[in-house]
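**Student:** Here it is: the structure, laid out below.
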Amino acid sequence: METKKRTFHVGEKIRSVRERKGFTLKTVAQRAGVSESLISQIERNRVSPAIDTLLSIADALEIDLEYLFSGYRQQRPVRLITAEERQKITENNVIYEEVVHPNEGDGIHALEAYYLTVPPGGETKRGSYGHSGREFGIIIQGNGELRYGSSVYVLKTGDSISFSAGAPHTLANKEKTEPLRAFWVVTPPQRFR
C-alpha cells in the first residue's frame with residue numbers, strides 16, 4: 001500500500017493571530033529575526049518553516065506551539081489492514097495474523113493486535129522469558145492454559161485474560177484435535193514491528 005505524504009499548514013493560524021494582535025508582517029519578522037518576505041510566504045503556506053523558525057515566530061506572537069498543531073492529530077489517517085493484506089508470522093507452528101500494525105508515532109501508546117492460532121498440543125514460546133508491557137487476550141475457539149510465572153489459568157471459549165508481561169508466560173492448546181484461536185493485544189509491540 002502506498003503511503004501518501006500529508007501536508008500540514010500553520011500559515012492560516014499565524015496570520016490570524018498576527019492580525020488579531022494588530023502586528024504587521026514587519027513587526028513579527030523583526031521579533032522573530034527573519035525576513036518580512038519569509039513571514040508572508042509562511043502565512044500563505046508557500047513555505048514550510050524550519051522548526052527553529054517556527055519557534056521564533058511562536059515566541060514573537062506569544063503563542064504556544066500546541067495551539068499551532070492542535071489540529072494535527074485529528075488529521076492522522078486511519079490505518080486499514082484488509083483480510084487479504086494481513087501479515088502472518090509462524091513460530092513453532094503457531095500462526096500470528098496481524099490485525100493492528102504498531103505505529104511508532106504513538107510512542108508509549110503503541111500497541112499491536114493479532115489473531116493467534118495454536119495447533120493441538122502446541123504453545124507459544126516468545127513470552128517464555130517475559131518482557132516489558134501488558135497483554136490482553138480473549139479465546140475465540142478451543143480450550144487452553146496460560147502459564148504465567150508459576151501459576152496456570154485454564155481458559156475456554158469466551159474467556160479473556162490480561163496481565164503484566166514481565167513474568168514468563170506461554171499460551172498452550174490442551175486440545176488433541178482442534179486448534180486454539182485467540183485475539184491478542186500487546187503493548188508495547190513485540191512481534192510486528
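Scheme for the C-alpha cells: letters A, B, ... for chains in order shown; per-chain residue numbers from 1; ligand numbers from 1 in order shown.
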Looking only at alpha helix (DSSP H) from DSSP on the backbone, list the matching residues of chain A as an NGL selection string.

**Tutor:** :A and (11-21 or 25-32 or 36-43 or 51-61 or 65-68)

**Student:** Take the residues from that selection and write them out as a compact mmCIF listing (two decimals), in the first residue's frame, keeping N, CA and C atoms.

**Tutor:**
```txt
# COMPACT_ATOMS: atom_id res chain seq x y z
N GLY A 11 0.18 28.32 8.41
CA GLY A 11 0.15 29.70 7.95
C GLY A 11 -1.10 30.46 8.33
N GLU A 12 -2.26 29.80 8.17
CA GLU A 12 -3.53 30.49 8.47
C GLU A 12 -3.61 30.88 9.94
N LYS A 13 -3.13 29.99 10.82
CA LYS A 13 -3.17 30.29 12.25
C LYS A 13 -2.21 31.43 12.60
N ILE A 14 -1.05 31.43 11.99
CA ILE A 14 -0.07 32.50 12.26
C ILE A 14 -0.65 33.85 11.81
N ARG A 15 -1.21 33.88 10.62
CA ARG A 15 -1.80 35.14 10.11
C ARG A 15 -2.95 35.60 11.00
N SER A 16 -3.80 34.67 11.40
CA SER A 16 -4.95 35.01 12.23
C SER A 16 -4.51 35.64 13.56
N VAL A 17 -3.52 35.03 14.21
CA VAL A 17 -3.02 35.55 15.49
C VAL A 17 -2.37 36.91 15.27
N ARG A 18 -1.55 37.01 14.22
CA ARG A 18 -0.86 38.28 13.94
C ARG A 18 -1.87 39.41 13.74
N GLU A 19 -2.90 39.15 12.95
CA GLU A 19 -3.90 40.19 12.68
C GLU A 19 -4.72 40.53 13.93
N ARG A 20 -5.08 39.51 14.72
CA ARG A 20 -5.82 39.76 15.97
C ARG A 20 -5.03 40.62 16.93
N LYS A 21 -3.71 40.43 16.95
CA LYS A 21 -2.87 41.21 17.86
C LYS A 21 -2.50 42.57 17.26
N LEU A 25 3.49 42.50 9.39
CA LEU A 25 4.46 41.48 8.98
C LEU A 25 5.86 41.89 9.45
N LYS A 26 6.16 43.18 9.31
CA LYS A 26 7.48 43.70 9.68
C LYS A 26 7.74 43.49 11.18
N THR A 27 6.75 43.76 12.02
CA THR A 27 6.90 43.61 13.47
C THR A 27 7.23 42.16 13.83
N VAL A 28 6.46 41.23 13.28
CA VAL A 28 6.68 39.80 13.58
C VAL A 28 8.05 39.38 13.05
N ALA A 29 8.40 39.81 11.85
CA ALA A 29 9.69 39.45 11.26
C ALA A 29 10.84 39.94 12.13
N GLN A 30 10.77 41.19 12.60
CA GLN A 30 11.84 41.73 13.45
C GLN A 30 11.93 40.97 14.77
N ARG A 31 10.79 40.70 15.39
CA ARG A 31 10.78 39.97 16.66
C ARG A 31 11.32 38.55 16.50
N ALA A 32 11.02 37.91 15.35
CA ALA A 32 11.44 36.53 15.12
C ALA A 32 12.84 36.44 14.53
N GLU A 36 10.68 39.76 6.42
CA GLU A 36 9.25 40.01 6.26
C GLU A 36 8.69 39.12 5.15
N SER A 37 9.47 38.92 4.10
CA SER A 37 9.08 38.07 2.97
C SER A 37 8.84 36.63 3.43
N LEU A 38 9.70 36.12 4.33
CA LEU A 38 9.53 34.75 4.81
C LEU A 38 8.23 34.61 5.60
N ILE A 39 7.93 35.57 6.47
CA ILE A 39 6.68 35.53 7.24
C ILE A 39 5.49 35.50 6.28
N SER A 40 5.52 36.35 5.24
CA SER A 40 4.45 36.40 4.27
C SER A 40 4.28 35.05 3.56
N GLN A 41 5.39 34.43 3.17
CA GLN A 41 5.33 33.14 2.47
C GLN A 41 4.80 32.03 3.38
N ILE A 42 5.19 32.06 4.65
CA ILE A 42 4.70 31.07 5.61
C ILE A 42 3.20 31.23 5.81
N GLU A 43 2.74 32.47 5.95
CA GLU A 43 1.31 32.73 6.14
C GLU A 43 0.48 32.27 4.95
N ILE A 51 11.83 24.16 12.09
CA ILE A 51 11.31 24.17 13.46
C ILE A 51 11.85 25.35 14.27
N ASP A 52 13.14 25.70 14.10
CA ASP A 52 13.67 26.83 14.87
C ASP A 52 13.01 28.14 14.43
N THR A 53 12.69 28.28 13.15
CA THR A 53 11.99 29.46 12.66
C THR A 53 10.58 29.50 13.24
N LEU A 54 9.91 28.35 13.25
CA LEU A 54 8.56 28.28 13.81
C LEU A 54 8.56 28.63 15.30
N LEU A 55 9.57 28.16 16.02
CA LEU A 55 9.69 28.51 17.45
C LEU A 55 9.85 30.01 17.63
N SER A 56 10.68 30.63 16.78
CA SER A 56 10.90 32.08 16.86
C SER A 56 9.62 32.86 16.56
N ILE A 57 8.87 32.39 15.57
CA ILE A 57 7.61 33.07 15.22
C ILE A 57 6.60 32.91 16.36
N ALA A 58 6.52 31.71 16.92
CA ALA A 58 5.60 31.47 18.04
C ALA A 58 5.96 32.37 19.21
N ASP A 59 7.26 32.53 19.50
CA ASP A 59 7.69 33.44 20.58
C ASP A 59 7.32 34.89 20.24
N ALA A 60 7.55 35.28 18.99
CA ALA A 60 7.24 36.65 18.57
C ALA A 60 5.75 36.95 18.71
N LEU A 61 4.91 35.96 18.47
CA LEU A 61 3.46 36.14 18.57
C LEU A 61 2.92 35.79 19.96
N LEU A 65 3.19 26.41 20.76
CA LEU A 65 3.24 25.52 19.60
C LEU A 65 2.05 24.57 19.62
N GLU A 66 1.59 24.22 20.81
CA GLU A 66 0.43 23.33 20.95
C GLU A 66 -0.77 23.89 20.19
N TYR A 67 -0.95 25.21 20.26
CA TYR A 67 -2.05 25.84 19.53
C TYR A 67 -1.86 25.69 18.02
N LEU A 68 -0.63 25.91 17.55
CA LEU A 68 -0.36 25.81 16.12
C LEU A 68 -0.63 24.41 15.58
```

**Student:** At a cut-off of 12 Å, using only C-alpha atoms, what residues contact A:Ala83? Leave out same-chain residues fewer than 3 positions from it and give the result as a PyMOL selection string.

**Tutor:** chain A and resi 80+86-88+97-100+114-115

**Student:** Using N, CA and C atoms, can you write the selected residues to a file as a PDB file, in the first residue's frame?

**Tutor:**
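Output file part-v8.pdb is given in full below:
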```pdb
ATOM      1  N   LEU A  80      -5.966   0.974   7.708  1.00  0.00           N
ATOM      2  CA  LEU A  80      -6.814  -0.156   7.355  1.00  0.00           C
ATOM      3  C   LEU A  80      -5.925  -1.314   6.936  1.00  0.00           C
ATOM      4  N   ARG A  86      -3.352  -8.930   5.531  1.00  0.00           N
ATOM      5  CA  ARG A  86      -2.912  -9.258   6.882  1.00  0.00           C
ATOM      6  C   ARG A  86      -1.582 -10.019   6.856  1.00  0.00           C
ATOM      7  N   GLN A  87      -0.594  -9.471   7.549  1.00  0.00           N
ATOM      8  CA  GLN A  87       0.714 -10.101   7.638  1.00  0.00           C
ATOM      9  C   GLN A  87       0.631 -11.301   8.577  1.00  0.00           C
ATOM     10  N   LYS A  88       1.307 -12.402   8.218  1.00  0.00           N
ATOM     11  CA  LYS A  88       1.291 -13.610   9.049  1.00  0.00           C
ATOM     12  C   LYS A  88       2.716 -14.012   9.390  1.00  0.00           C
ATOM     13  N   GLU A  97      -1.576 -13.592  13.075  1.00  0.00           N
ATOM     14  CA  GLU A  97      -2.107 -12.801  11.963  1.00  0.00           C
ATOM     15  C   GLU A  97      -2.346 -11.377  12.446  1.00  0.00           C
ATOM     16  N   GLU A  98      -1.587 -10.449  11.920  1.00  0.00           N
ATOM     17  CA  GLU A  98      -1.652  -9.053  12.350  1.00  0.00           C
ATOM     18  C   GLU A  98      -2.996  -8.416  12.009  1.00  0.00           C
ATOM     19  N   VAL A  99      -3.618  -7.760  13.007  1.00  0.00           N
ATOM     20  CA  VAL A  99      -4.848  -7.001  12.754  1.00  0.00           C
ATOM     21  C   VAL A  99      -4.678  -5.522  13.071  1.00  0.00           C
ATOM     22  N   VAL A 100      -3.696  -5.176  13.893  1.00  0.00           N
ATOM     23  CA  VAL A 100      -3.342  -3.773  14.144  1.00  0.00           C
ATOM     24  C   VAL A 100      -1.833  -3.676  14.048  1.00  0.00           C
ATOM     25  N   TYR A 114      -3.323  -9.157  17.203  1.00  0.00           N
ATOM     26  CA  TYR A 114      -3.284 -10.225  16.210  1.00  0.00           C
ATOM     27  C   TYR A 114      -4.201 -11.374  16.605  1.00  0.00           C
ATOM     28  N   TYR A 115      -4.575 -12.157  15.578  1.00  0.00           N
ATOM     29  CA  TYR A 115      -5.229 -13.433  15.811  1.00  0.00           C
ATOM     30  C   TYR A 115      -4.120 -14.451  16.017  1.00  0.00           C
TER      31      TYR A 115
END
```

**Student:** Using only C-alpha atoms, which residue out of A:Thr177, A:Ala172, A:Val34, A:Phe69 lies closest to A:Tyr153?

**Tutor:**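 Among the listed residues, the smallest separation from A:Tyr153 belongs to A:Ala172.
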
**Student:** Counting only C-alpha atoms, which of A:Gly166, A:Gly33, A:Gly22, A:Pro189 gets nearest to A:Glu112?

**Tutor:**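 Result for the nearest residue to A:Glu112: A:Pro189.
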
**Student:** Using only C-alpha atoms, which residues sit within 9 Å of A:Glu178 once same-chain residues fewer than 4 positions away are excluded, as an mmCIF file with N, CA, C and O atoms, in the first residue's frame?

**Tutor:**
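For reference, part15.cif as written:
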```cif
data_model
loop_
_atom_site.group_PDB
_atom_site.id
_atom_site.type_symbol
_atom_site.label_atom_id
_atom_site.label_comp_id
_atom_site.auth_asym_id
_atom_site.auth_seq_id
_atom_site.Cartn_x
_atom_site.Cartn_y
_atom_site.Cartn_z
ATOM 1 N N PRO A 119 -1.788 -24.817 17.261
ATOM 2 C CA PRO A 119 -2.221 -26.154 16.859
ATOM 3 C C PRO A 119 -2.437 -27.059 18.081
ATOM 4 O O PRO A 119 -1.955 -26.753 19.181
ATOM 5 N N PRO A 120 -3.159 -28.172 17.906
ATOM 6 C CA PRO A 120 -3.372 -29.102 19.018
ATOM 7 C C PRO A 120 -2.045 -29.490 19.673
ATOM 8 O O PRO A 120 -1.084 -29.837 18.978
ATOM 9 N N GLN A 141 -11.897 -19.679 20.118
ATOM 10 C CA GLN A 141 -12.266 -21.074 19.865
ATOM 11 C C GLN A 141 -11.296 -21.993 20.584
ATOM 12 O O GLN A 141 -10.093 -21.778 20.554
ATOM 13 N N GLY A 142 -11.819 -22.992 21.256
ATOM 14 C CA GLY A 142 -10.983 -24.008 21.877
ATOM 15 C C GLY A 142 -10.778 -23.794 23.365
ATOM 16 O O GLY A 142 -11.407 -22.938 23.991
ATOM 17 N N ASN A 143 -9.884 -24.601 23.920
ATOM 18 C CA ASN A 143 -9.538 -24.559 25.342
ATOM 19 C C ASN A 143 -8.023 -24.527 25.474
ATOM 20 O O ASN A 143 -7.316 -25.189 24.712
ATOM 21 N N ASN A 173 -2.291 -24.938 23.914
ATOM 22 C CA ASN A 173 -3.534 -25.552 23.472
ATOM 23 C C ASN A 173 -3.604 -26.949 24.072
ATOM 24 O O ASN A 173 -2.766 -27.794 23.800
#
```

**Student:** Choose the residue, out of A:Trp184, A:Phe23, A:Ser128, A:His169, that has the smallest atom-to-atom separation from A:Ser151; count only C-alpha atoms.

**Tutor:** A:His169

**Student:** For atom CA of A:Leu111 and atom CA of A:Thr187, quote the distance in Å rounded to one decimal.

**Tutor:**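 If I compute the distance from atom CA of A:Leu111 to atom CA of A:Thr187, I get 4.4 Å.
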
**Student:** Please indicate the distance in Å from atom CA of A:Val186 to atom CA of A:Glu135, rounded to one decimal place.

**Tutor:**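 Spanning atom CA of A:Val186 to atom CA of A:Glu135 is a straight-line distance of 4.5 Å.
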
**Student:** Counting only C-alpha atoms, which residue out of A:His109, A:Arg46, A:His131, A:His9 sits closest to A:Gln190?

**Tutor:** A:His131

**Student:** What is the atom CA of A:Asp159-atom CA of A:Ile140 distance in Å, reported with one decimal?

**Tutor:**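 Spanning atom CA of A:Asp159 to atom CA of A:Ile140 is a straight-line distance of 8.2 Å.
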
**Student:** Applying 8 Å and only C-alpha atoms, which residues near A:Ala165 remain after dropping the ones on its own chain fewer than 6 positions away? List them as JSON, numbers by chain.

**Tutor:** {"A": [127, 130, 131, 132, 133, 134, 135]}

**Student:** Take the residues just selected and output them with C-alpha atoms as a short mmCIF file (atom, residue, chain, number, x, y, z; two decimals), in the first residue's frame.

**Tutor:**
```cif
data_model
loop_
_atom_site.label_atom_id
_atom_site.label_comp_id
_atom_site.auth_asym_id
_atom_site.auth_seq_id
_atom_site.Cartn_x
_atom_site.Cartn_y
_atom_site.Cartn_z
CA GLY A 127 6.80 -14.74 26.13
CA GLY A 130 8.73 -12.22 29.91
CA HIS A 131 9.07 -8.70 28.51
CA SER A 132 8.03 -5.15 29.37
CA GLY A 133 4.42 -4.08 28.92
CA ARG A 134 0.95 -5.61 29.17
CA GLU A 135 -1.05 -8.22 27.29
#
```

**Student:** Using DSSP assignments from the backbone, pull out every residue in stretch 23-154 of chain A that falls under strand (DSSP E) and give it to me as JSON, numbers by chain.

**Tutor:** {"A": [88, 89, 90, 91, 94, 95, 96, 97, 98, 99, 100, 112, 113, 114, 115, 116, 117, 118, 134, 135, 136, 137, 138, 139, 140, 141, 143, 144, 145, 146, 147, 148, 151, 152, 153, 154]}
